[in-house]
file run.pdb (PDB, C-alpha atoms, pLDDT in the B column)
ATOM      1  CA  MET N 228       3.155  11.036  23.619  1.00 60.00           C
ATOM      2  CA  GLY N 229      -0.485  10.029  24.124  1.00 78.00           C
ATOM      3  CA  SER N 230      -3.374  11.241  22.005  1.00 86.00           C
ATOM      4  CA  PRO N 231      -5.395  14.156  23.349  1.00 91.00           C
ATOM      5  CA  PRO N 232      -8.854  13.247  24.681  1.00 93.00           C
ATOM      6  CA  GLU N 233     -11.588  13.577  22.076  1.00 96.00           C
ATOM      7  CA  LEU N 234     -13.107  16.971  21.471  1.00 97.00           C
ATOM      8  CA  ARG N 235     -16.879  17.367  21.295  1.00 97.00           C
ATOM      9  CA  ARG N 236     -18.926  20.482  20.662  1.00 96.00           C
ATOM     10  CA  THR N 237     -22.576  21.189  19.897  1.00 96.00           C
ATOM     11  CA  LEU N 238     -23.254  24.425  18.039  1.00 95.00           C
ATOM     12  CA  GLU N 239     -26.251  26.476  17.061  1.00 93.00           C
ATOM     13  CA  SER N 240     -26.708  26.942  13.333  1.00 92.00           C
ATOM     14  CA  ASN N 241     -24.953  30.295  13.456  1.00 90.00           C
ATOM     15  CA  PRO N 242     -21.613  30.793  11.632  1.00 88.00           C
ATOM     16  CA  ASP N 243     -20.538  33.300  14.292  1.00 88.00           C
ATOM     17  CA  THR N 244     -20.056  30.330  16.634  1.00 91.00           C
ATOM     18  CA  VAL N 245     -17.516  28.655  14.341  1.00 93.00           C
ATOM     19  CA  ASP N 246     -14.480  30.823  15.101  1.00 91.00           C
ATOM     20  CA  GLU N 247     -14.215  29.648  18.721  1.00 93.00           C
ATOM     21  CA  VAL N 248     -14.596  26.005  17.714  1.00 95.00           C
ATOM     22  CA  GLU N 249     -12.033  26.470  14.969  1.00 95.00           C
ATOM     23  CA  GLU N 250      -9.552  27.609  17.633  1.00 95.00           C
ATOM     24  CA  ALA N 251     -10.317  24.494  19.682  1.00 97.00           C
ATOM     25  CA  VAL N 252      -9.732  22.248  16.641  1.00 98.00           C
ATOM     26  CA  LEU N 253      -6.447  24.037  15.930  1.00 97.00           C
ATOM     27  CA  ARG N 254      -5.264  23.421  19.503  1.00 97.00           C
ATOM     28  CA  TYR N 255      -6.344  19.769  19.221  1.00 97.00           C
ATOM     29  CA  VAL N 256      -4.471  18.988  16.007  1.00 97.00           C
ATOM     30  CA  ALA N 257      -1.389  20.834  17.293  1.00 97.00           C
ATOM     31  CA  GLU N 258      -1.444  18.718  20.442  1.00 96.00           C
ATOM     32  CA  ALA N 259      -1.956  15.605  18.308  1.00 96.00           C
ATOM     33  CA  GLY N 260       1.361  16.305  16.583  1.00 95.00           C
ATOM     34  CA  PHE N 261       0.437  17.665  13.155  1.00 96.00           C
ATOM     35  CA  GLY N 262       2.820  20.225  11.626  1.00 95.00           C
ATOM     36  CA  ASP N 263       1.960  23.898  11.124  1.00 94.00           C
ATOM     37  CA  THR N 264       0.764  23.615   7.531  1.00 94.00           C
ATOM     38  CA  GLU N 265      -1.386  20.553   8.230  1.00 96.00           C
ATOM     39  CA  GLN N 266      -2.828  22.246  11.329  1.00 96.00           C
ATOM     40  CA  TYR N 267      -3.909  25.141   9.133  1.00 96.00           C
ATOM     41  CA  PHE N 268      -5.533  23.006   6.426  1.00 97.00           C
ATOM     42  CA  ILE N 269      -7.188  20.498   8.776  1.00 98.00           C
ATOM     43  CA  THR N 270      -8.690  23.325  10.821  1.00 97.00           C
ATOM     44  CA  LEU N 271      -9.915  24.964   7.636  1.00 97.00           C
ATOM     45  CA  ALA N 272     -11.515  21.679   6.525  1.00 97.00           C
ATOM     46  CA  ALA N 273     -13.369  21.499   9.845  1.00 97.00           C
ATOM     47  CA  ARG N 274     -14.510  25.112   9.461  1.00 97.00           C
ATOM     48  CA  GLU N 275     -15.784  24.505   5.921  1.00 96.00           C
ATOM     49  CA  VAL N 276     -17.753  21.398   6.877  1.00 95.00           C
ATOM     50  CA  LEU N 277     -19.251  23.073   9.957  1.00 96.00           C
ATOM     51  CA  ILE N 278     -20.429  26.075   7.947  1.00 94.00           C
ATOM     52  CA  ASN N 279     -21.702  23.776   5.211  1.00 91.00           C
ATOM     53  CA  ALA N 280     -23.732  21.873   7.820  1.00 92.00           C
ATOM     54  CA  MET N 281     -25.247  25.078   9.213  1.00 92.00           C
ATOM     55  CA  LYS N 282     -25.964  26.581   5.817  1.00 89.00           C
ATOM     56  CA  HIS N 283     -26.979  23.681   3.588  1.00 86.00           C
ATOM     57  CA  GLY N 284     -27.857  21.061   6.215  1.00 87.00           C
ATOM     58  CA  ASN N 285     -29.764  23.091   8.771  1.00 90.00           C
ATOM     59  CA  CYS N 286     -30.577  26.097   6.542  1.00 89.00           C
ATOM     60  CA  TYR N 287     -29.535  28.351   9.460  1.00 90.00           C
ATOM     61  CA  ASP N 288     -32.576  27.103  11.400  1.00 91.00           C
ATOM     62  CA  ALA N 289     -31.962  28.253  14.987  1.00 89.00           C
ATOM     63  CA  SER N 290     -33.813  25.226  16.342  1.00 92.00           C
ATOM     64  CA  LYS N 291     -31.369  22.836  14.666  1.00 92.00           C
ATOM     65  CA  GLN N 292     -27.903  22.008  15.907  1.00 94.00           C
ATOM     66  CA  VAL N 293     -24.578  20.905  14.490  1.00 95.00           C
ATOM     67  CA  SER N 294     -22.380  18.464  16.381  1.00 96.00           C
ATOM     68  CA  LEU N 295     -18.623  18.125  16.096  1.00 97.00           C
ATOM     69  CA  ARG N 296     -16.424  15.263  17.221  1.00 98.00           C
ATOM     70  CA  VAL N 297     -12.639  15.264  16.806  1.00 98.00           C
ATOM     71  CA  ALA N 298     -10.613  12.253  17.911  1.00 97.00           C
ATOM     72  CA  MET N 299      -7.236  10.597  17.398  1.00 96.00           C
ATOM     73  CA  ASP N 300      -7.230   6.820  17.035  1.00 93.00           C
ATOM     74  CA  GLY N 301      -3.589   5.807  16.924  1.00 92.00           C
ATOM     75  CA  GLU N 302      -2.098   7.794  14.055  1.00 94.00           C
ATOM     76  CA  VAL N 303      -5.421   8.713  12.450  1.00 97.00           C
ATOM     77  CA  LEU N 304      -7.355  11.886  13.137  1.00 98.00           C
ATOM     78  CA  THR N 305     -11.109  11.677  12.618  1.00 98.00           C
ATOM     79  CA  ILE N 306     -13.419  14.684  12.354  1.00 98.00           C
ATOM     80  CA  GLU N 307     -17.174  14.078  12.322  1.00 97.00           C
ATOM     81  CA  VAL N 308     -19.789  16.757  11.753  1.00 96.00           C
ATOM     82  CA  THR N 309     -23.466  15.942  12.140  1.00 94.00           C
ATOM     83  CA  ASP N 310     -26.383  18.156  11.143  1.00 93.00           C
ATOM     84  CA  GLU N 311     -30.149  17.784  11.050  1.00 91.00           C
ATOM     85  CA  GLY N 312     -30.481  18.124   7.299  1.00 83.00           C
ATOM     86  CA  GLU N 313     -31.089  15.755   4.430  1.00 74.00           C
ATOM     87  CA  GLY N 314     -27.424  15.274   3.565  1.00 66.00           C
ATOM     88  CA  PHE N 315     -25.877  15.650   0.125  1.00 68.00           C
ATOM     89  CA  GLN N 316     -24.112  13.721  -2.559  1.00 69.00           C
ATOM     90  CA  VAL N 317     -20.555  14.818  -3.258  1.00 72.00           C
ATOM     91  CA  ALA N 318     -21.206  14.132  -6.944  1.00 70.00           C
ATOM     92  CA  ASP N 319     -23.984  16.767  -6.934  1.00 73.00           C
ATOM     93  CA  ILE N 320     -21.613  19.580  -5.965  1.00 74.00           C
ATOM     94  CA  PRO N 321     -20.482  21.591  -9.000  1.00 73.00           C
ATOM     95  CA  ASP N 322     -16.778  21.024  -9.663  1.00 75.00           C
ATOM     96  CA  PRO N 323     -15.163  24.460  -9.178  1.00 73.00           C
ATOM     97  CA  HIS N 324     -12.359  23.461 -11.559  1.00 73.00           C
ATOM     98  CA  LEU N 325     -14.747  23.336 -14.513  1.00 75.00           C
ATOM     99  CA  THR N 326     -14.756  26.493 -16.607  1.00 74.00           C
ATOM    100  CA  GLU N 327     -18.522  26.962 -16.293  1.00 73.00           C
ATOM    101  CA  ASN N 328     -18.285  26.914 -12.478  1.00 72.00           C
ATOM    102  CA  ARG N 329     -15.202  29.057 -11.969  1.00 71.00           C
ATOM    103  CA  ASN N 330     -17.097  32.287 -11.408  1.00 70.00           C
ATOM    104  CA  ARG N 331     -19.557  30.770  -8.962  1.00 70.00           C
ATOM    105  CA  PRO N 332     -19.250  32.526  -5.589  1.00 63.00           C
ATOM    106  CA  SER N 333     -19.819  29.269  -3.666  1.00 66.00           C
ATOM    107  CA  GLY N 334     -19.203  25.514  -3.853  1.00 76.00           C
ATOM    108  CA  ARG N 335     -15.533  25.446  -2.876  1.00 90.00           C
ATOM    109  CA  GLY N 336     -15.733  24.477   0.806  1.00 92.00           C
ATOM    110  CA  VAL N 337     -16.284  20.765   0.263  1.00 91.00           C
ATOM    111  CA  MET N 338     -13.582  20.762  -2.438  1.00 91.00           C
ATOM    112  CA  ILE N 339     -11.099  22.165   0.098  1.00 94.00           C
ATOM    113  CA  ALA N 340     -12.066  19.607   2.755  1.00 95.00           C
ATOM    114  CA  ARG N 341     -11.893  16.678   0.301  1.00 94.00           C
ATOM    115  CA  THR N 342      -8.486  17.806  -0.930  1.00 94.00           C
ATOM    116  CA  VAL N 343      -6.756  18.422   2.378  1.00 95.00           C
ATOM    117  CA  MET N 344      -8.095  15.346   4.176  1.00 97.00           C
ATOM    118  CA  ASP N 345      -7.169  11.750   3.312  1.00 97.00           C
ATOM    119  CA  GLU N 346     -10.768  10.538   3.567  1.00 97.00           C
ATOM    120  CA  PHE N 347     -14.108  12.293   3.152  1.00 95.00           C
ATOM    121  CA  SER N 348     -17.534  10.681   3.235  1.00 94.00           C
ATOM    122  CA  VAL N 349     -21.156  11.674   3.717  1.00 91.00           C
ATOM    123  CA  GLU N 350     -23.561   9.309   5.451  1.00 88.00           C
ATOM    124  CA  LYS N 351     -27.254   9.451   6.085  1.00 83.00           C
ATOM    125  CA  GLY N 352     -27.841   8.994   9.791  1.00 74.00           C
ATOM    126  CA  PRO N 353     -30.942   8.112  11.794  1.00 72.00           C
ATOM    127  CA  ALA N 354     -33.793  10.516  12.506  1.00 73.00           C
ATOM    128  CA  GLY N 355     -33.140  12.927   9.650  1.00 76.00           C
ATOM    129  CA  ARG N 356     -29.490  13.517  10.378  1.00 85.00           C
ATOM    130  CA  SER N 357     -26.508  13.509   8.098  1.00 90.00           C
ATOM    131  CA  LEU N 358     -22.890  12.913   8.990  1.00 92.00           C
ATOM    132  CA  VAL N 359     -19.699  14.062   7.301  1.00 94.00           C
ATOM    133  CA  ARG N 360     -16.703  11.996   8.356  1.00 96.00           C
ATOM    134  CA  MET N 361     -13.154  13.042   7.486  1.00 97.00           C
ATOM    135  CA  ALA N 362      -9.853  11.411   8.354  1.00 98.00           C
ATOM    136  CA  LYS N 363      -6.199  12.420   8.189  1.00 98.00           C
ATOM    137  CA  ARG N 364      -3.212  10.229   8.947  1.00 97.00           C
ATOM    138  CA  LEU N 365      -0.446  11.704  11.080  1.00 95.00           C
ATOM    139  CA  ARG N 366       2.845  11.446   9.220  1.00 85.00           C
ATOM    140  CA  ARG N 367       5.706  12.049  11.594  1.00 72.00           C
ATOM    141  CA  GLU N 368       8.823  13.528   9.979  1.00 59.00           C
TER     142      GLU N 368
ATOM    143  CA  MET V 127      -8.022  39.221  14.141  1.00 68.00           C
ATOM    144  CA  PRO V 128     -10.875  41.014  12.344  1.00 82.00           C
ATOM    145  CA  LEU V 129     -10.579  42.113   8.728  1.00 90.00           C
ATOM    146  CA  ASP V 130      -9.144  45.603   8.253  1.00 93.00           C
ATOM    147  CA  VAL V 131      -9.188  47.374   4.870  1.00 95.00           C
ATOM    148  CA  GLU V 132      -7.040  50.433   4.151  1.00 96.00           C
ATOM    149  CA  ARG V 133      -7.500  52.365   0.906  1.00 96.00           C
ATOM    150  CA  SER V 134      -4.743  54.227  -0.970  1.00 96.00           C
ATOM    151  CA  ASP V 135      -5.525  56.230  -4.128  1.00 96.00           C
ATOM    152  CA  LEU V 136      -2.459  56.603  -6.346  1.00 96.00           C
ATOM    153  CA  ASP V 137      -1.794  59.363  -8.901  1.00 94.00           C
ATOM    154  CA  SER V 138      -1.823  56.734 -11.648  1.00 94.00           C
ATOM    155  CA  GLY V 139      -5.498  56.047 -10.931  1.00 94.00           C
ATOM    156  CA  VAL V 140      -4.748  52.724  -9.338  1.00 96.00           C
ATOM    157  CA  VAL V 141      -6.448  52.083  -6.002  1.00 97.00           C
ATOM    158  CA  VAL V 142      -4.709  49.811  -3.513  1.00 98.00           C
ATOM    159  CA  LEU V 143      -6.759  48.108  -0.826  1.00 98.00           C
ATOM    160  CA  SER V 144      -4.495  46.687   1.865  1.00 97.00           C
ATOM    161  CA  LEU V 145      -6.208  43.897   3.721  1.00 97.00           C
ATOM    162  CA  SER V 146      -5.154  42.537   7.075  1.00 95.00           C
ATOM    163  CA  GLY V 147      -6.699  39.910   9.313  1.00 93.00           C
ATOM    164  CA  ARG V 148      -9.167  37.179   8.374  1.00 92.00           C
ATOM    165  CA  LEU V 149     -10.846  37.020   4.977  1.00 94.00           C
ATOM    166  CA  THR V 150     -13.538  34.655   6.192  1.00 93.00           C
ATOM    167  CA  MET V 151     -17.328  34.408   6.279  1.00 89.00           C
ATOM    168  CA  GLY V 152     -18.976  37.262   8.157  1.00 84.00           C
ATOM    169  CA  ASN V 153     -20.177  40.840   8.012  1.00 80.00           C
ATOM    170  CA  GLN V 154     -16.702  42.271   7.469  1.00 90.00           C
ATOM    171  CA  LEU V 155     -16.273  40.144   4.361  1.00 92.00           C
ATOM    172  CA  GLN V 156     -19.516  41.573   2.999  1.00 93.00           C
ATOM    173  CA  HIS V 157     -18.335  45.124   3.764  1.00 94.00           C
ATOM    174  CA  PHE V 158     -15.101  44.453   1.907  1.00 96.00           C
ATOM    175  CA  GLU V 159     -17.064  43.287  -1.141  1.00 96.00           C
ATOM    176  CA  TRP V 160     -19.162  46.446  -1.011  1.00 96.00           C
ATOM    177  CA  THR V 161     -15.970  48.518  -0.864  1.00 96.00           C
ATOM    178  CA  VAL V 162     -14.856  47.021  -4.175  1.00 97.00           C
ATOM    179  CA  THR V 163     -18.261  47.416  -5.845  1.00 97.00           C
ATOM    180  CA  ASP V 164     -18.378  51.047  -4.662  1.00 97.00           C
ATOM    181  CA  LEU V 165     -14.962  51.651  -6.247  1.00 97.00           C
ATOM    182  CA  VAL V 166     -16.274  50.353  -9.561  1.00 97.00           C
ATOM    183  CA  LYS V 167     -19.261  52.690  -9.283  1.00 96.00           C
ATOM    184  CA  GLU V 168     -16.749  55.547  -8.813  1.00 95.00           C
ATOM    185  CA  GLN V 169     -15.089  54.438 -12.094  1.00 95.00           C
ATOM    186  CA  LYS V 170     -12.062  53.351 -10.065  1.00 95.00           C
ATOM    187  CA  ASN V 171     -11.575  50.025 -11.759  1.00 94.00           C
ATOM    188  CA  LYS V 172      -7.812  49.479 -11.614  1.00 97.00           C
ATOM    189  CA  ILE V 173      -7.546  47.825  -8.244  1.00 98.00           C
ATOM    190  CA  VAL V 174      -4.757  46.102  -6.328  1.00 98.00           C
ATOM    191  CA  LEU V 175      -5.680  43.947  -3.344  1.00 98.00           C
ATOM    192  CA  ASP V 176      -2.638  43.675  -1.101  1.00 98.00           C
ATOM    193  CA  LEU V 177      -3.200  40.428   0.807  1.00 97.00           C
ATOM    194  CA  SER V 178       0.168  40.362   2.574  1.00 96.00           C
ATOM    195  CA  GLY V 179      -1.590  40.983   5.890  1.00 95.00           C
ATOM    196  CA  VAL V 180      -4.224  38.271   5.434  1.00 94.00           C
ATOM    197  CA  ASP V 181      -3.484  35.424   7.799  1.00 84.00           C
ATOM    198  CA  HIS V 182      -6.589  33.339   7.163  1.00 90.00           C
ATOM    199  CA  LEU V 183      -8.967  32.790   4.286  1.00 93.00           C
ATOM    200  CA  ASP V 184     -11.851  30.378   3.731  1.00 95.00           C
ATOM    201  CA  SER V 185     -14.062  29.405   0.809  1.00 94.00           C
ATOM    202  CA  SER V 186     -16.332  32.403   1.457  1.00 94.00           C
ATOM    203  CA  GLY V 187     -13.291  34.668   1.165  1.00 95.00           C
ATOM    204  CA  ILE V 188     -12.315  32.989  -2.098  1.00 95.00           C
ATOM    205  CA  GLY V 189     -15.884  33.416  -3.347  1.00 93.00           C
ATOM    206  CA  VAL V 190     -15.802  37.147  -2.610  1.00 94.00           C
ATOM    207  CA  LEU V 191     -12.444  37.555  -4.372  1.00 95.00           C
ATOM    208  CA  VAL V 192     -13.857  35.769  -7.423  1.00 94.00           C
ATOM    209  CA  ASN V 193     -16.965  37.938  -7.337  1.00 93.00           C
ATOM    210  CA  CYS V 194     -14.937  41.151  -6.984  1.00 96.00           C
ATOM    211  CA  ASN V 195     -12.782  40.074  -9.919  1.00 96.00           C
ATOM    212  CA  ALA V 196     -15.886  39.507 -12.037  1.00 94.00           C
ATOM    213  CA  VAL V 197     -17.419  42.879 -11.069  1.00 96.00           C
ATOM    214  CA  VAL V 198     -14.211  44.743 -11.928  1.00 97.00           C
ATOM    215  CA  ARG V 199     -13.675  42.896 -15.197  1.00 96.00           C
ATOM    216  CA  ASN V 200     -17.300  43.359 -16.248  1.00 96.00           C
ATOM    217  CA  ALA V 201     -16.742  47.101 -15.826  1.00 96.00           C
ATOM    218  CA  GLY V 202     -13.740  46.916 -18.155  1.00 96.00           C
ATOM    219  CA  GLY V 203     -11.248  47.132 -15.321  1.00 97.00           C
ATOM    220  CA  HIS V 204      -8.440  45.073 -13.889  1.00 97.00           C
ATOM    221  CA  LEU V 205      -7.953  43.568 -10.457  1.00 97.00           C
ATOM    222  CA  ARG V 206      -4.659  42.110  -9.240  1.00 97.00           C
ATOM    223  CA  LEU V 207      -3.709  40.455  -5.971  1.00 98.00           C
ATOM    224  CA  ALA V 208      -0.359  41.011  -4.305  1.00 97.00           C
ATOM    225  CA  GLY V 209       1.561  39.470  -1.416  1.00 96.00           C
ATOM    226  CA  VAL V 210      -0.435  36.245  -1.411  1.00 96.00           C
ATOM    227  CA  ALA V 211       0.847  33.832   1.227  1.00 94.00           C
ATOM    228  CA  ASP V 212       1.897  30.352   0.109  1.00 93.00           C
ATOM    229  CA  ARG V 213      -1.000  28.721   1.970  1.00 93.00           C
ATOM    230  CA  VAL V 214      -3.514  31.062   0.373  1.00 94.00           C
ATOM    231  CA  GLN V 215      -1.959  30.435  -3.035  1.00 94.00           C
ATOM    232  CA  ALA V 216      -2.328  26.710  -2.366  1.00 95.00           C
ATOM    233  CA  LEU V 217      -6.036  27.230  -1.653  1.00 95.00           C
ATOM    234  CA  PHE V 218      -6.424  29.148  -4.920  1.00 94.00           C
ATOM    235  CA  LYS V 219      -4.912  26.202  -6.782  1.00 93.00           C
ATOM    236  CA  MET V 220      -6.994  23.686  -4.825  1.00 92.00           C
ATOM    237  CA  THR V 221     -10.212  25.442  -5.799  1.00 92.00           C
ATOM    238  CA  GLY V 222      -9.226  26.216  -9.382  1.00 89.00           C
ATOM    239  CA  VAL V 223      -9.262  30.002  -9.067  1.00 91.00           C
ATOM    240  CA  ASN V 224      -5.518  30.410  -9.587  1.00 91.00           C
ATOM    241  CA  ASP V 225      -6.121  30.852 -13.329  1.00 89.00           C
ATOM    242  CA  LEU V 226      -8.865  33.387 -12.667  1.00 91.00           C
ATOM    243  CA  LEU V 227      -7.174  35.709 -10.177  1.00 94.00           C
ATOM    244  CA  LYS V 228      -4.092  37.581 -11.365  1.00 95.00           C
ATOM    245  CA  THR V 229      -1.411  37.621  -8.688  1.00 96.00           C
ATOM    246  CA  ASP V 230       1.922  39.407  -8.265  1.00 96.00           C
ATOM    247  CA  ALA V 231       4.653  38.863  -5.726  1.00 96.00           C
ATOM    248  CA  THR V 232       4.493  42.398  -4.340  1.00 96.00           C
ATOM    249  CA  ARG V 233       2.111  45.343  -4.350  1.00 95.00           C
ATOM    250  CA  GLU V 234       4.717  47.327  -6.311  1.00 96.00           C
ATOM    251  CA  ASP V 235       4.672  44.671  -9.044  1.00 96.00           C
ATOM    252  CA  ALA V 236       0.861  44.756  -9.136  1.00 97.00           C
ATOM    253  CA  ILE V 237       0.769  48.559  -9.250  1.00 96.00           C
ATOM    254  CA  SER V 238       3.335  48.536 -12.051  1.00 96.00           C
ATOM    255  CA  ALA V 239       1.300  45.994 -14.024  1.00 95.00           C
ATOM    256  CA  LEU V 240      -1.855  48.106 -13.719  1.00 94.00           C
ATOM    257  CA  SER V 241      -0.215  51.474 -14.311  1.00 87.00           C
ATOM    258  CA  GLY V 242       0.488  50.376 -17.866  1.00 72.00           C
ATOM    259  CA  ASN V 243      -3.182  49.543 -18.534  1.00 58.00           C
ATOM    260  CA  SER V 244      -5.407  52.246 -19.955  1.00 51.00           C
TER     261      SER V 244
END

call {"tool": "encode", "arguments": {"input": "run.pdb", "output": "structure tokens"}}
result
Amino acid sequence: MGSPPELRRTLESNPDTVDEVEEAVLRYVAEAGFGDTEQYFITLAAREVLINAMKHGNCYDASKQVSLRVAMDGEVLTIEVTDEGEGFQVADIPDPHLTENRNRPSGRGVMIARTVMDEFSVEKGPAGRSLVRMAKRLRRE
Amino acid sequence: MPLDVERSDLDSGVVVLSLSGRLTMGNQLQHFEWTVTDLVKEQKNKIVLDLSGVDHLDSSGIGVLVNCNAVVRNAGGHLRLAGVADRVQALFKMTGVNDLLKTDATREDAISALSGNS
């Protein structure tokens, strides 16, 4: 079975636009061969990073966009999300497992994405852009 | 599927909110949070959230559950979750809130646990 062609979307910085894209990512990872549980968690990771990019990267600025690229390269799924913000350091995000952070209402999205994906990195791109790249290996049973 | 919240007031004073649909970022999530804070204002602070109909939850949904738990506890009340799907339970563990949110297998178990609390 061949890999599905890569998926690309450009979104406004509006969380209401995420649901439709989430459905597209779900269809993509299903077609790529991931099982039901992995489909659920991978799609959730994409959702969390997209909303993070809109909220913290673009500060919901309607003039700024978020780009999504999903692709299979052999047995490895890559999800890239680009925003027009300053980027962030994973180390700066409060660890939700620490007692002092447990009651915080936010800060868990990146933790979910880092946990469910095999790889997670943040890069500073050109022209004031930042890129989150995540990868997940397909493990056929 | 949008989030739907159905309220049941029991003779024991326990209030059950049965949730169905998506517990994800959006206006409906905010309305759900207001429903819980309004209950606390009514002195209804023994609350069961039946999540057996929740098919999707994100970090915003987890954040609201944590906030609701804090509001209820700060008012001297108790909040328990029931019917939590395995995937949702896995997300609770992933984000470290599994120790914070009290869960029961069924709504009946949660109601029973709260009916004994004064």

call {"tool": "resolve_selection", "arguments": {"input": "run.pdb", "expression": "the PyMOL selection byres ((chain V) within 7 of (chain N))", "output": "list in words"}}
result
Asp184, Ser185, Ser186, Gly189, Val190, Val192, Asn193, Met220, Thr221, Gly222 and Val223 of chain V

call {"tool": "write_last_selection", "arguments": {"input": "run.pdb", "atoms": "C-alpha atoms", "output": "short mmCIF file (atom, residue, chain, number, x, y, z; two decimals), keeping the file's coordinate frame"}}
result
data_model
loop_
_atom_site.label_atom_id
_atom_site.label_comp_id
_atom_site.auth_asym_id
_atom_site.auth_seq_id
_atom_site.Cartn_x
_atom_site.Cartn_y
_atom_site.Cartn_z
CA ASP V 184 -11.85 30.38 3.73
CA SER V 185 -14.06 29.40 0.81
CA SER V 186 -16.33 32.40 1.46
CA GLY V 189 -15.88 33.42 -3.35
CA VAL V 190 -15.80 37.15 -2.61
CA VAL V 192 -13.86 35.77 -7.42
CA ASN V 193 -16.96 37.94 -7.34
CA MET V 220 -6.99 23.69 -4.82
CA THR V 221 -10.21 25.44 -5.80
CA GLY V 222 -9.23 26.22 -9.38
CA VAL V 223 -9.26 30.00 -9.07
#

call {"tool": "resolve_selection", "arguments": {"input": "run.pdb", "expression": "the PyMOL selection byres ((chain V and resi 159-164) around 12)", "output": "MDAnalysis selection string"}}
result
(chainID N and resid 332) or (chainID V and resid 129:133 141:145 149:158 165:175 186:201 203:205)

call {"tool": "resolve_selection", "arguments": {"input": "run.pdb", "expression": "the PyMOL selection byres ((chain V and resi 213) around 12)", "output": "PyMOL selection string"}}
result
(chain N and resi 263-268+271+343) or (chain V and resi 177-178+180-184+209-212+214-220)

call {"tool": "atom_distance", "arguments": {"input": "run.pdb", "atom1": "CA of Asp235 (chain V)", "atom2": "CA of Ala208 (chain V)"}}
result
7.8 Å

call {"tool": "residues_near_point", "arguments": {"input": "run.pdb", "point": "(1.2, 50.5, -4.7)", "cutoff": "9 Å", "atoms": "only C-alpha atoms", "output": "JSON, numbers by chain"}}
result
{"V": [134, 135, 136, 140, 141, 142, 174, 176, 232, 233, 234, 235, 236, 237, 238]}

call {"tool": "atom_distance", "arguments": {"input": "run.pdb", "atom1": "CA of Ser241 (chain V)", "atom2": "CA of Ser138 (chain V)"}}
result
6.1 Å

call {"tool": "atom_distance", "arguments": {"input": "run.pdb", "atom1": "CA of Asp310 (chain N)", "atom2": "CA of Ala289 (chain N)"}}
result
12.2 Å

call {"tool": "axis_aligned_box", "arguments": {"input": "run.pdb", "around": "region 319-335 of chain N", "padding_each_side": "3 Å", "output": "AutoDock Vina command-line options"}}
result
--center_x -18.2 --center_y 24.6 --center_z -9.7 --size_x 17.6 --size_y 21.8 --size_z 19.7
